[in-house]
file run.cif (mmCIF, N, CA and C atoms and all ligand atoms)
data_run
#
loop_
_atom_site.label_atom_id
_atom_site.label_comp_id
_atom_site.auth_asym_id
_atom_site.auth_seq_id
_atom_site.Cartn_x
_atom_site.Cartn_y
_atom_site.Cartn_z
N MET A 1 19.10 18.47 5.37
CA MET A 1 18.93 18.20 6.79
C MET A 1 17.73 17.28 7.03
N LYS A 2 17.92 16.30 7.88
CA LYS A 2 16.84 15.36 8.15
C LYS A 2 15.82 15.96 9.11
N THR A 3 14.56 15.73 8.81
CA THR A 3 13.48 16.18 9.67
C THR A 3 13.26 15.13 10.76
N LYS A 4 13.13 15.58 12.01
CA LYS A 4 12.95 14.63 13.12
C LYS A 4 11.49 14.41 13.46
N SER A 5 10.69 15.46 13.24
CA SER A 5 9.26 15.34 13.52
C SER A 5 8.49 16.23 12.55
N LEU A 6 7.21 15.93 12.41
CA LEU A 6 6.37 16.71 11.50
C LEU A 6 5.30 17.45 12.29
N ARG A 7 5.09 18.67 11.90
CA ARG A 7 4.02 19.48 12.49
C ARG A 7 2.83 19.31 11.54
N HIS A 8 1.64 19.06 12.06
CA HIS A 8 0.51 18.87 11.15
C HIS A 8 -0.21 20.18 10.88
N SER A 9 -0.78 20.24 9.71
CA SER A 9 -1.54 21.42 9.33
C SER A 9 -2.74 20.96 8.52
N PHE A 10 -3.94 21.15 9.10
CA PHE A 10 -5.16 20.77 8.39
C PHE A 10 -5.51 21.87 7.40
N VAL A 11 -5.64 21.48 6.13
CA VAL A 11 -5.90 22.46 5.08
C VAL A 11 -7.05 21.95 4.20
N LYS A 12 -7.60 22.87 3.43
CA LYS A 12 -8.64 22.44 2.47
C LYS A 12 -7.94 21.88 1.24
N TYR A 13 -6.98 22.66 0.72
CA TYR A 13 -6.20 22.22 -0.44
C TYR A 13 -4.75 22.05 -0.03
N ILE A 14 -4.09 21.04 -0.57
CA ILE A 14 -2.65 20.88 -0.35
C ILE A 14 -1.96 22.00 -1.13
N PRO A 15 -1.14 22.83 -0.46
CA PRO A 15 -0.51 23.94 -1.18
C PRO A 15 0.52 23.47 -2.21
N GLU A 16 0.76 24.32 -3.18
CA GLU A 16 1.70 24.01 -4.27
C GLU A 16 3.11 23.83 -3.70
N THR A 17 3.53 24.78 -2.86
CA THR A 17 4.85 24.67 -2.23
C THR A 17 4.68 24.25 -0.78
N LEU A 18 5.40 23.21 -0.43
CA LEU A 18 5.29 22.68 0.93
C LEU A 18 6.43 23.21 1.78
N GLU A 19 6.12 23.45 3.04
CA GLU A 19 7.15 23.88 3.98
C GLU A 19 7.84 22.64 4.54
N ASP A 20 9.12 22.76 4.86
CA ASP A 20 9.84 21.64 5.48
C ASP A 20 9.20 21.30 6.82
N GLY A 21 9.11 20.03 7.13
CA GLY A 21 8.67 19.60 8.45
C GLY A 21 7.19 19.79 8.73
N VAL A 22 6.39 20.01 7.67
CA VAL A 22 4.95 20.15 7.87
C VAL A 22 4.23 19.04 7.13
N LEU A 23 3.31 18.40 7.84
CA LEU A 23 2.45 17.41 7.20
C LEU A 23 1.11 18.07 6.95
N TYR A 24 0.81 18.28 5.69
CA TYR A 24 -0.46 18.90 5.31
C TYR A 24 -1.52 17.82 5.17
N ILE A 25 -2.67 18.06 5.75
CA ILE A 25 -3.74 17.07 5.68
C ILE A 25 -5.00 17.74 5.16
N SER A 26 -5.50 17.20 4.06
CA SER A 26 -6.78 17.68 3.54
C SER A 26 -7.81 16.58 3.75
N ILE A 27 -8.69 16.80 4.70
CA ILE A 27 -9.75 15.82 4.97
C ILE A 27 -10.72 15.80 3.78
N ASP A 28 -11.01 16.99 3.24
CA ASP A 28 -11.93 17.07 2.09
C ASP A 28 -11.48 16.19 0.94
N TYR A 29 -10.18 16.16 0.69
CA TYR A 29 -9.66 15.41 -0.45
C TYR A 29 -8.98 14.10 -0.04
N CYS A 30 -9.10 13.74 1.23
CA CYS A 30 -8.54 12.49 1.75
C CYS A 30 -7.09 12.30 1.30
N THR A 31 -6.30 13.34 1.51
CA THR A 31 -4.91 13.31 1.08
C THR A 31 -4.04 13.99 2.13
N ALA A 32 -2.84 13.45 2.30
CA ALA A 32 -1.85 14.13 3.12
C ALA A 32 -0.61 14.34 2.26
N ALA A 33 0.18 15.37 2.55
CA ALA A 33 1.39 15.62 1.77
C ALA A 33 2.45 16.23 2.68
N HIS A 34 3.70 15.89 2.39
CA HIS A 34 4.82 16.49 3.12
C HIS A 34 6.05 16.41 2.23
N LYS A 35 7.09 17.10 2.63
CA LYS A 35 8.35 17.02 1.89
C LYS A 35 9.13 15.85 2.47
N CYS A 36 9.73 15.05 1.61
CA CYS A 36 10.51 13.91 2.07
C CYS A 36 11.43 14.35 3.21
N VAL A 37 11.40 13.58 4.30
CA VAL A 37 12.07 14.02 5.53
C VAL A 37 13.60 13.90 5.47
N CYS A 38 14.13 13.33 4.37
CA CYS A 38 15.59 13.22 4.26
C CYS A 38 16.21 14.56 3.89
N GLY A 39 15.36 15.47 3.42
CA GLY A 39 15.87 16.79 3.04
C GLY A 39 16.06 16.94 1.53
N CYS A 40 15.66 15.92 0.77
CA CYS A 40 15.85 15.97 -0.69
C CYS A 40 14.87 16.93 -1.36
N GLY A 41 13.81 17.28 -0.63
CA GLY A 41 12.88 18.29 -1.15
C GLY A 41 11.75 17.73 -1.98
N ASN A 42 11.74 16.42 -2.21
CA ASN A 42 10.67 15.84 -3.01
C ASN A 42 9.35 15.87 -2.23
N LYS A 43 8.29 16.01 -3.00
CA LYS A 43 6.94 16.07 -2.43
C LYS A 43 6.40 14.65 -2.29
N VAL A 44 5.95 14.30 -1.09
CA VAL A 44 5.40 12.97 -0.86
C VAL A 44 3.90 13.09 -0.64
N ILE A 45 3.14 12.48 -1.53
CA ILE A 45 1.68 12.51 -1.44
C ILE A 45 1.22 11.15 -0.91
N THR A 46 0.45 11.16 0.15
CA THR A 46 -0.07 9.92 0.70
C THR A 46 -1.59 9.97 0.71
N PRO A 47 -2.23 9.32 -0.25
CA PRO A 47 -3.70 9.31 -0.26
C PRO A 47 -4.22 8.55 0.95
N ILE A 48 -5.24 9.08 1.57
CA ILE A 48 -5.85 8.42 2.73
C ILE A 48 -7.07 7.64 2.23
N THR A 49 -6.87 6.36 2.06
CA THR A 49 -7.96 5.48 1.61
C THR A 49 -7.80 4.13 2.32
N PRO A 50 -8.83 3.29 2.26
CA PRO A 50 -8.69 1.98 2.93
C PRO A 50 -7.55 1.13 2.35
N THR A 51 -7.12 1.43 1.11
CA THR A 51 -6.07 0.61 0.52
C THR A 51 -4.73 1.35 0.41
N ASP A 52 -4.68 2.62 0.81
CA ASP A 52 -3.41 3.34 0.76
C ASP A 52 -2.91 3.57 2.19
N TRP A 53 -3.04 4.81 2.67
CA TRP A 53 -2.59 5.09 4.03
C TRP A 53 -3.76 5.33 4.97
N GLU A 54 -3.49 4.97 6.22
CA GLU A 54 -4.47 5.25 7.26
C GLU A 54 -3.87 6.34 8.12
N LEU A 55 -4.65 7.36 8.42
CA LEU A 55 -4.15 8.48 9.21
C LEU A 55 -4.87 8.50 10.55
N THR A 56 -4.09 8.58 11.61
CA THR A 56 -4.68 8.65 12.94
C THR A 56 -4.27 9.96 13.59
N PHE A 57 -5.24 10.68 14.10
CA PHE A 57 -4.99 11.94 14.79
C PHE A 57 -5.55 11.82 16.19
N ASN A 58 -4.69 11.91 17.20
CA ASN A 58 -5.16 11.74 18.59
C ASN A 58 -5.42 13.08 19.27
N GLY A 59 -5.49 14.12 18.48
CA GLY A 59 -5.74 15.44 19.06
C GLY A 59 -4.47 16.25 19.20
N GLU A 60 -3.33 15.54 19.19
CA GLU A 60 -2.02 16.20 19.31
C GLU A 60 -1.07 15.80 18.21
N ALA A 61 -1.11 14.51 17.89
CA ALA A 61 -0.11 14.00 16.96
C ALA A 61 -0.75 13.10 15.91
N ILE A 62 0.00 12.95 14.82
CA ILE A 62 -0.47 12.19 13.66
C ILE A 62 0.35 10.91 13.53
N THR A 63 -0.34 9.84 13.19
CA THR A 63 0.34 8.60 12.84
C THR A 63 -0.14 8.18 11.46
N LEU A 64 0.81 7.81 10.62
CA LEU A 64 0.47 7.32 9.28
C LEU A 64 0.86 5.85 9.20
N SER A 65 0.01 5.08 8.61
CA SER A 65 0.31 3.66 8.46
C SER A 65 -0.17 3.19 7.09
N PRO A 66 0.57 2.40 6.34
CA PRO A 66 1.87 1.81 6.70
C PRO A 66 3.02 2.81 6.58
N SER A 67 4.23 2.31 6.55
CA SER A 67 5.40 3.17 6.46
C SER A 67 5.44 3.85 5.09
N ILE A 68 6.27 4.87 4.98
CA ILE A 68 6.40 5.61 3.73
C ILE A 68 7.70 5.21 3.06
N GLY A 69 7.59 4.64 1.89
CA GLY A 69 8.77 4.20 1.13
C GLY A 69 8.87 5.00 -0.15
N ASN A 70 9.84 5.89 -0.19
CA ASN A 70 9.98 6.78 -1.35
C ASN A 70 10.88 6.15 -2.41
N TRP A 71 10.41 5.01 -2.94
CA TRP A 71 11.25 4.24 -3.87
C TRP A 71 11.47 4.96 -5.18
N SER A 72 10.54 5.85 -5.54
CA SER A 72 10.68 6.51 -6.83
C SER A 72 11.64 7.70 -6.76
N PHE A 73 12.08 8.06 -5.55
CA PHE A 73 13.07 9.14 -5.41
C PHE A 73 14.48 8.55 -5.33
N ASP A 74 15.46 9.38 -5.66
CA ASP A 74 16.85 8.94 -5.58
C ASP A 74 17.23 8.52 -4.16
N CYS A 75 16.66 9.23 -3.17
CA CYS A 75 17.06 8.99 -1.78
C CYS A 75 16.58 7.64 -1.26
N GLN A 76 15.50 7.10 -1.85
CA GLN A 76 14.93 5.81 -1.43
C GLN A 76 14.65 5.77 0.07
N SER A 77 14.23 6.89 0.61
CA SER A 77 13.97 6.96 2.06
C SER A 77 12.80 6.07 2.44
N HIS A 78 12.91 5.50 3.62
CA HIS A 78 11.86 4.64 4.14
C HIS A 78 11.69 4.94 5.62
N TYR A 79 10.52 5.41 6.00
CA TYR A 79 10.31 5.81 7.40
C TYR A 79 8.85 5.70 7.80
N TRP A 80 8.66 5.73 9.09
CA TRP A 80 7.32 5.73 9.66
C TRP A 80 7.05 7.11 10.24
N VAL A 81 5.81 7.53 10.20
CA VAL A 81 5.39 8.72 10.93
C VAL A 81 4.53 8.21 12.09
N LYS A 82 5.11 8.23 13.29
CA LYS A 82 4.39 7.73 14.47
C LYS A 82 4.34 8.84 15.50
N ASN A 83 3.12 9.20 15.89
CA ASN A 83 2.93 10.31 16.81
C ASN A 83 3.72 11.53 16.37
N SER A 84 3.64 11.81 15.09
CA SER A 84 4.30 12.96 14.44
C SER A 84 5.83 12.89 14.45
N GLU A 85 6.40 11.82 14.98
CA GLU A 85 7.86 11.64 14.98
C GLU A 85 8.25 10.77 13.79
N ILE A 86 9.43 11.06 13.27
CA ILE A 86 9.95 10.25 12.16
C ILE A 86 10.76 9.10 12.74
N GLN A 87 10.39 7.90 12.36
CA GLN A 87 11.17 6.72 12.75
C GLN A 87 11.70 6.09 11.49
N TRP A 88 13.02 6.11 11.36
CA TRP A 88 13.63 5.59 10.14
C TRP A 88 13.52 4.08 10.10
N ALA A 89 13.20 3.59 8.94
CA ALA A 89 13.11 2.15 8.74
C ALA A 89 14.23 1.75 7.79
N GLY A 90 14.54 0.49 7.76
CA GLY A 90 15.63 0.01 6.92
C GLY A 90 15.32 0.19 5.45
N LYS A 91 16.36 0.32 4.66
CA LYS A 91 16.17 0.38 3.21
C LYS A 91 15.72 -0.98 2.73
N TRP A 92 14.81 -0.98 1.78
CA TRP A 92 14.33 -2.24 1.24
C TRP A 92 15.17 -2.64 0.05
N SER A 93 15.29 -3.94 -0.12
CA SER A 93 15.95 -4.45 -1.32
C SER A 93 14.95 -4.36 -2.48
N ARG A 94 15.46 -4.52 -3.68
CA ARG A 94 14.61 -4.53 -4.87
C ARG A 94 13.46 -5.54 -4.69
N TYR A 95 13.81 -6.71 -4.16
CA TYR A 95 12.82 -7.78 -3.98
C TYR A 95 11.70 -7.33 -3.05
N GLU A 96 12.10 -6.71 -1.92
CA GLU A 96 11.09 -6.27 -0.96
C GLU A 96 10.20 -5.18 -1.53
N ILE A 97 10.79 -4.30 -2.35
CA ILE A 97 10.00 -3.24 -2.97
C ILE A 97 8.96 -3.86 -3.89
N ASP A 98 9.40 -4.82 -4.72
CA ASP A 98 8.47 -5.47 -5.64
C ASP A 98 7.39 -6.22 -4.88
N GLU A 99 7.80 -6.92 -3.82
CA GLU A 99 6.83 -7.66 -2.99
C GLU A 99 5.81 -6.70 -2.39
N GLY A 100 6.31 -5.59 -1.87
CA GLY A 100 5.43 -4.59 -1.27
C GLY A 100 4.43 -4.06 -2.27
N ARG A 101 4.90 -3.80 -3.48
CA ARG A 101 4.00 -3.31 -4.54
C ARG A 101 2.96 -4.36 -4.88
N ARG A 102 3.41 -5.62 -4.93
CA ARG A 102 2.50 -6.71 -5.27
C ARG A 102 1.42 -6.83 -4.19
N ASN A 103 1.84 -6.77 -2.94
CA ASN A 103 0.88 -6.85 -1.83
C ASN A 103 -0.13 -5.72 -1.91
N ASP A 104 0.35 -4.53 -2.28
CA ASP A 104 -0.55 -3.39 -2.45
C ASP A 104 -1.61 -3.70 -3.49
N GLN A 105 -1.16 -4.28 -4.59
CA GLN A 105 -2.08 -4.59 -5.68
C GLN A 105 -3.10 -5.62 -5.23
N ILE A 106 -2.65 -6.63 -4.51
CA ILE A 106 -3.55 -7.67 -4.03
C ILE A 106 -4.58 -7.05 -3.09
N LYS A 107 -4.07 -6.19 -2.18
CA LYS A 107 -4.95 -5.50 -1.23
C LYS A 107 -6.02 -4.71 -1.98
N LYS A 108 -5.59 -4.02 -3.04
CA LYS A 108 -6.51 -3.21 -3.83
C LYS A 108 -7.52 -4.11 -4.55
N GLN A 109 -7.02 -5.22 -5.11
CA GLN A 109 -7.91 -6.13 -5.82
C GLN A 109 -8.98 -6.67 -4.88
N ILE A 110 -8.55 -7.06 -3.68
CA ILE A 110 -9.50 -7.61 -2.72
C ILE A 110 -10.52 -6.55 -2.37
N HIS A 111 -10.02 -5.34 -2.10
CA HIS A 111 -10.91 -4.25 -1.71
C HIS A 111 -11.92 -3.95 -2.80
N PHE A 112 -11.44 -3.82 -4.03
CA PHE A 112 -12.33 -3.40 -5.11
C PHE A 112 -13.22 -4.54 -5.58
N SER A 113 -12.81 -5.78 -5.37
CA SER A 113 -13.71 -6.87 -5.76
C SER A 113 -14.90 -6.94 -4.82
N LYS A 114 -14.72 -6.46 -3.59
CA LYS A 114 -15.86 -6.38 -2.67
C LYS A 114 -16.85 -5.35 -3.19
N VAL A 115 -16.30 -4.28 -3.76
CA VAL A 115 -17.13 -3.19 -4.25
C VAL A 115 -17.78 -3.57 -5.58
N ASP A 116 -16.99 -4.26 -6.40
CA ASP A 116 -17.37 -4.52 -7.78
C ASP A 116 -17.84 -5.97 -7.93
N ASN A 117 -19.12 -6.15 -8.15
CA ASN A 117 -19.66 -7.50 -8.27
C ASN A 117 -19.11 -8.26 -9.45
N LEU A 118 -18.88 -7.55 -10.55
CA LEU A 118 -18.37 -8.19 -11.76
C LEU A 118 -17.05 -8.88 -11.48
N ALA A 119 -16.20 -8.21 -10.75
CA ALA A 119 -14.89 -8.77 -10.42
C ALA A 119 -15.08 -10.04 -9.59
N ASP A 120 -16.08 -10.03 -8.73
CA ASP A 120 -16.37 -11.20 -7.90
C ASP A 120 -16.73 -12.40 -8.76
N VAL A 121 -17.56 -12.15 -9.74
CA VAL A 121 -18.02 -13.23 -10.62
C VAL A 121 -16.84 -13.83 -11.37
N SER A 122 -15.97 -12.97 -11.91
CA SER A 122 -14.86 -13.52 -12.68
C SER A 122 -13.88 -14.24 -11.77
N ALA A 123 -13.72 -13.79 -10.54
CA ALA A 123 -12.85 -14.49 -9.59
C ALA A 123 -13.44 -15.86 -9.29
N GLU A 124 -14.75 -15.91 -9.16
CA GLU A 124 -15.46 -17.17 -8.88
C GLU A 124 -15.27 -18.13 -10.05
N ASN A 125 -15.38 -17.61 -11.28
CA ASN A 125 -15.17 -18.44 -12.47
C ASN A 125 -13.78 -19.01 -12.51
N GLU A 126 -12.82 -18.17 -12.17
CA GLU A 126 -11.43 -18.61 -12.19
C GLU A 126 -11.23 -19.76 -11.22
N LYS A 127 -11.86 -19.65 -10.06
CA LYS A 127 -11.76 -20.70 -9.04
C LYS A 127 -12.32 -22.00 -9.59
N ASN A 128 -13.47 -21.90 -10.28
CA ASN A 128 -14.10 -23.09 -10.85
C ASN A 128 -13.21 -23.75 -11.86
N ILE A 129 -12.57 -22.93 -12.69
CA ILE A 129 -11.69 -23.47 -13.73
C ILE A 129 -10.54 -24.22 -13.07
N THR A 130 -9.94 -23.62 -12.03
CA THR A 130 -8.82 -24.30 -11.38
C THR A 130 -9.28 -25.59 -10.72
N ARG A 131 -10.46 -25.54 -10.13
CA ARG A 131 -10.98 -26.73 -9.47
C ARG A 131 -11.14 -27.86 -10.48
N GLN A 132 -11.72 -27.52 -11.64
CA GLN A 132 -11.89 -28.52 -12.69
C GLN A 132 -10.55 -29.07 -13.13
N GLY A 133 -9.61 -28.14 -13.32
CA GLY A 133 -8.27 -28.53 -13.74
C GLY A 133 -7.69 -29.53 -12.76
N HIS A 134 -7.85 -29.26 -11.48
CA HIS A 134 -7.30 -30.14 -10.44
C HIS A 134 -7.93 -31.52 -10.51
N SER A 135 -9.27 -31.53 -10.62
CA SER A 135 -9.94 -32.83 -10.55
C SER A 135 -9.60 -33.65 -11.79
N GLN A 136 -9.46 -32.98 -12.93
CA GLN A 136 -9.06 -33.73 -14.13
C GLN A 136 -7.71 -34.38 -13.92
N GLY A 137 -6.80 -33.63 -13.36
CA GLY A 137 -5.46 -34.16 -13.09
C GLY A 137 -5.53 -35.34 -12.14
N PHE A 138 -6.41 -35.24 -11.18
CA PHE A 138 -6.59 -36.30 -10.19
C PHE A 138 -7.04 -37.59 -10.86
N TRP A 139 -8.06 -37.47 -11.72
CA TRP A 139 -8.58 -38.66 -12.40
C TRP A 139 -7.54 -39.26 -13.33
N ARG A 140 -6.80 -38.37 -14.02
CA ARG A 140 -5.80 -38.87 -14.95
C ARG A 140 -4.76 -39.69 -14.19
N LYS A 141 -4.36 -39.17 -13.04
CA LYS A 141 -3.36 -39.88 -12.24
C LYS A 141 -3.90 -41.23 -11.77
N LEU A 142 -5.16 -41.22 -11.38
CA LEU A 142 -5.80 -42.44 -10.89
C LEU A 142 -5.85 -43.48 -12.01
N PHE A 143 -6.24 -43.00 -13.21
CA PHE A 143 -6.32 -43.92 -14.36
C PHE A 143 -4.94 -44.48 -14.67
N GLN A 144 -3.96 -43.59 -14.62
CA GLN A 144 -2.60 -44.05 -14.94
C GLN A 144 -2.16 -45.12 -13.95
N ARG A 145 -2.49 -44.88 -12.68
CA ARG A 145 -2.05 -45.80 -11.65
C ARG A 145 -2.66 -47.18 -11.85
N PHE A 146 -3.93 -47.20 -12.25
CA PHE A 146 -4.61 -48.49 -12.40
C PHE A 146 -4.57 -49.00 -13.84
N GLY A 147 -3.82 -48.27 -14.65
CA GLY A 147 -3.57 -48.74 -16.00
C GLY A 147 -4.77 -48.70 -16.95
N PHE A 148 -5.71 -47.74 -16.71
CA PHE A 148 -6.83 -47.64 -17.65
C PHE A 148 -6.39 -47.02 -18.95
ZN ZN A 201 14.27 12.15 0.23
#
call {"tool": "encode", "arguments": {"input": "run.cif", "output": "C-alpha cells"}}
result
Amino acid sequence: MKTKSLRHSFVKYIPETLEDGVLYISIDYCTAAHKCVCGCGNKVITPITPTDWELTFNGEAITLSPSIGNWSFDCQSHYWVKNSEIQWAGKWSRYEIDEGRRNDQIKKQIHFSKVDNLADVSAENEKNITRQGHSQGFWRKLFQRFGF
C-alpha cells in the first residue's frame, strides 16, 4: 500500500524496525529514515548534510530536499516529501540516474574542496596544466598558419 503522508518522529537513535508512514529524525546523528512509501518495506536512510538532504521543519510538517530516488531498490520509487506529504515524481531513466549521481559527486567535491586545502591546490594545478595546454595549442596553430 502506498503511503500518502509521513508522520514525523524525533528520536535519538533511528530504531532497527521502522513503522510504516513514519519519518524518523535523529538530530544528534543528522539522519532521517523511513520505509519506502511504495510499500516495498525497504528502509530509506537520508543523511542530513550540506551535500545530501536538507530537512526543513516548520513546527508541523517536514520537507526533505532534494527528492528521494530509491534507485537501488527494485521499486525504483522517486518522490518528494513536501510538508510531510508524498508527491510522486516521474521515474528516471538510466541516463538521468547516472547524471544525478554525477552531480552529487561534483557537489560533494566542491563542498569538500572548500574544506580541504590540499584538494584546492591540486584543482588549481590542474587548471594551470589545462591553461598551458591551451596556450601551446594556440601557438602551434598560429605557427602553422604563418608557416613557421
Ligand atoms: Zn519501494
call {"tool": "residues_near_ligand", "arguments": {"input": "run.cif", "ligand": "ligand ZN 201 (chain A)", "cutoff": "5 Å", "atoms": "all atoms listed in the file", "output": "PyMOL selection string"}}
result
chain A and resi 36+38-40+75
call {"tool": "closest_residue", "arguments": {"input": "run.cif", "among": "A:Trp71, A:Lys108, A:Val11, A:Asp28", "to": "Arg94 (chain A)", "atoms": "only C-alpha atoms"}}
result
A:Trp71
call {"tool": "select_by_dssp", "arguments": {"input": "run.cif", "residues": "region 51-111 of chain A", "states": "alpha helix (DSSP H)", "output": "CSV table (one decimal) with N, CA and C atoms, keeping the file's coordinate frame"}}
result
chain,number,residue,atom,x,y,z
A,94,ARG,N,15.5,-4.5,-3.7
A,94,ARG,CA,14.6,-4.5,-4.9
A,94,ARG,C,13.5,-5.5,-4.7
A,95,TYR,N,13.8,-6.7,-4.2
A,95,TYR,CA,12.8,-7.8,-4.0
A,95,TYR,C,11.7,-7.3,-3.0
A,96,GLU,N,12.1,-6.7,-1.9
A,96,GLU,CA,11.1,-6.3,-1.0
A,96,GLU,C,10.2,-5.2,-1.5
A,97,ILE,N,10.8,-4.3,-2.4
A,97,ILE,CA,10.0,-3.2,-3.0
A,97,ILE,C,9.0,-3.9,-3.9
A,98,ASP,N,9.4,-4.8,-4.7
A,98,ASP,CA,8.5,-5.5,-5.6
A,98,ASP,C,7.4,-6.2,-4.9
A,99,GLU,N,7.8,-6.9,-3.8
A,99,GLU,CA,6.8,-7.7,-3.0
A,99,GLU,C,5.8,-6.7,-2.4
A,100,GLY,N,6.3,-5.6,-1.9
A,100,GLY,CA,5.4,-4.6,-1.3
A,100,GLY,C,4.4,-4.1,-2.3
A,101,ARG,N,4.9,-3.8,-3.5
A,101,ARG,CA,4.0,-3.3,-4.5
A,101,ARG,C,3.0,-4.4,-4.9
A,102,ARG,N,3.4,-5.6,-4.9
A,102,ARG,CA,2.5,-6.7,-5.3
A,102,ARG,C,1.4,-6.8,-4.2
A,103,ASN,N,1.8,-6.8,-2.9
A,103,ASN,CA,0.9,-6.8,-1.8
A,103,ASN,C,-0.1,-5.7,-1.9
A,104,ASP,N,0.4,-4.5,-2.3
A,104,ASP,CA,-0.6,-3.4,-2.4
A,104,ASP,C,-1.6,-3.7,-3.5
A,105,GLN,N,-1.2,-4.3,-4.6
A,105,GLN,CA,-2.1,-4.6,-5.7
A,105,GLN,C,-3.1,-5.6,-5.2
A,106,ILE,N,-2.6,-6.6,-4.5
A,106,ILE,CA,-3.6,-7.7,-4.0
A,106,ILE,C,-4.6,-7.0,-3.1
A,107,LYS,N,-4.1,-6.2,-2.2
A,107,LYS,CA,-5.0,-5.5,-1.2
A,107,LYS,C,-6.0,-4.7,-2.0
A,108,LYS,N,-5.6,-4.0,-3.0
A,108,LYS,CA,-6.5,-3.2,-3.8
A,108,LYS,C,-7.5,-4.1,-4.6
A,109,GLN,N,-7.0,-5.2,-5.1
A,109,GLN,CA,-7.9,-6.1,-5.8
A,109,GLN,C,-9.0,-6.7,-4.9
A,110,ILE,N,-8.6,-7.1,-3.7
A,110,ILE,CA,-9.5,-7.6,-2.7
A,110,ILE,C,-10.5,-6.6,-2.4
A,111,HIS,N,-10.0,-5.3,-2.1
A,111,HIS,CA,-10.9,-4.2,-1.7
A,111,HIS,C,-11.9,-4.0,-2.8
call {"tool": "closest_residue", "arguments": {"input": "run.cif", "among": "A:Ser9, A:Lys4, A:Val37, A:Gln76", "to": "Tyr24 (chain A)", "atoms": "all atoms listed in the file"}}
result
A:Ser9
call {"tool": "select_by_dssp", "arguments": {"input": "run.cif", "residues": "region 31-111 of chain A", "states": "strand (DSSP E or B)", "output": "number ranges by chain"}}
result
A: 31-35, 43-48, 53-57, 62-69, 78-82, 85-88
call {"tool": "closest_residue", "arguments": {"input": "run.cif", "among": "A:Gly41, A:Leu23, A:Lys82, A:His111", "to": "Leu64 (chain A)", "atoms": "all atoms listed in the file"}}
result
A:Lys82
call {"tool": "atom_distance", "arguments": {"input": "run.cif", "atom1": "atom C of Ile106 (chain A)", "atom2": "atom C of Val22 (chain A)"}}
result
29.4 Å
call {"tool": "atom_distance", "arguments": {"input": "run.cif", "atom1": "CA of Tyr13 (chain A)", "atom2": "CA of Gln87 (chain A)"}}
result
26.8 Å
call {"tool": "residues_around", "arguments": {"input": "run.cif", "residues": "Pro66 (chain A)", "least_positions_apart": "2", "cutoff": "5 Å", "atoms": "only N, CA and C atoms", "output": "PyMOL selection string"}}
result
chain A and resi 53-54+64+68
call {"tool": "closest_residue", "arguments": {"input": "run.cif", "among": "A:Leu18, A:Ile86, A:Trp80, A:Ser67", "to": "Lys35 (chain A)", "atoms": "all atoms listed in the file"}}
result
A:Leu18
call {"tool": "atom_distance", "arguments": {"input": "run.cif", "atom1": "CA of Asn70 (chain A)", "atom2": "atom C of Lys43 (chain A)"}}
result
8.7 Å
call {"tool": "closest_residue", "arguments": {"input": "run.cif", "among": "A:Gly21, A:Gly59, A:Pro50, A:Gly69", "to": "Gln109 (chain A)", "atoms": "only C-alpha atoms"}}
result
A:Pro50
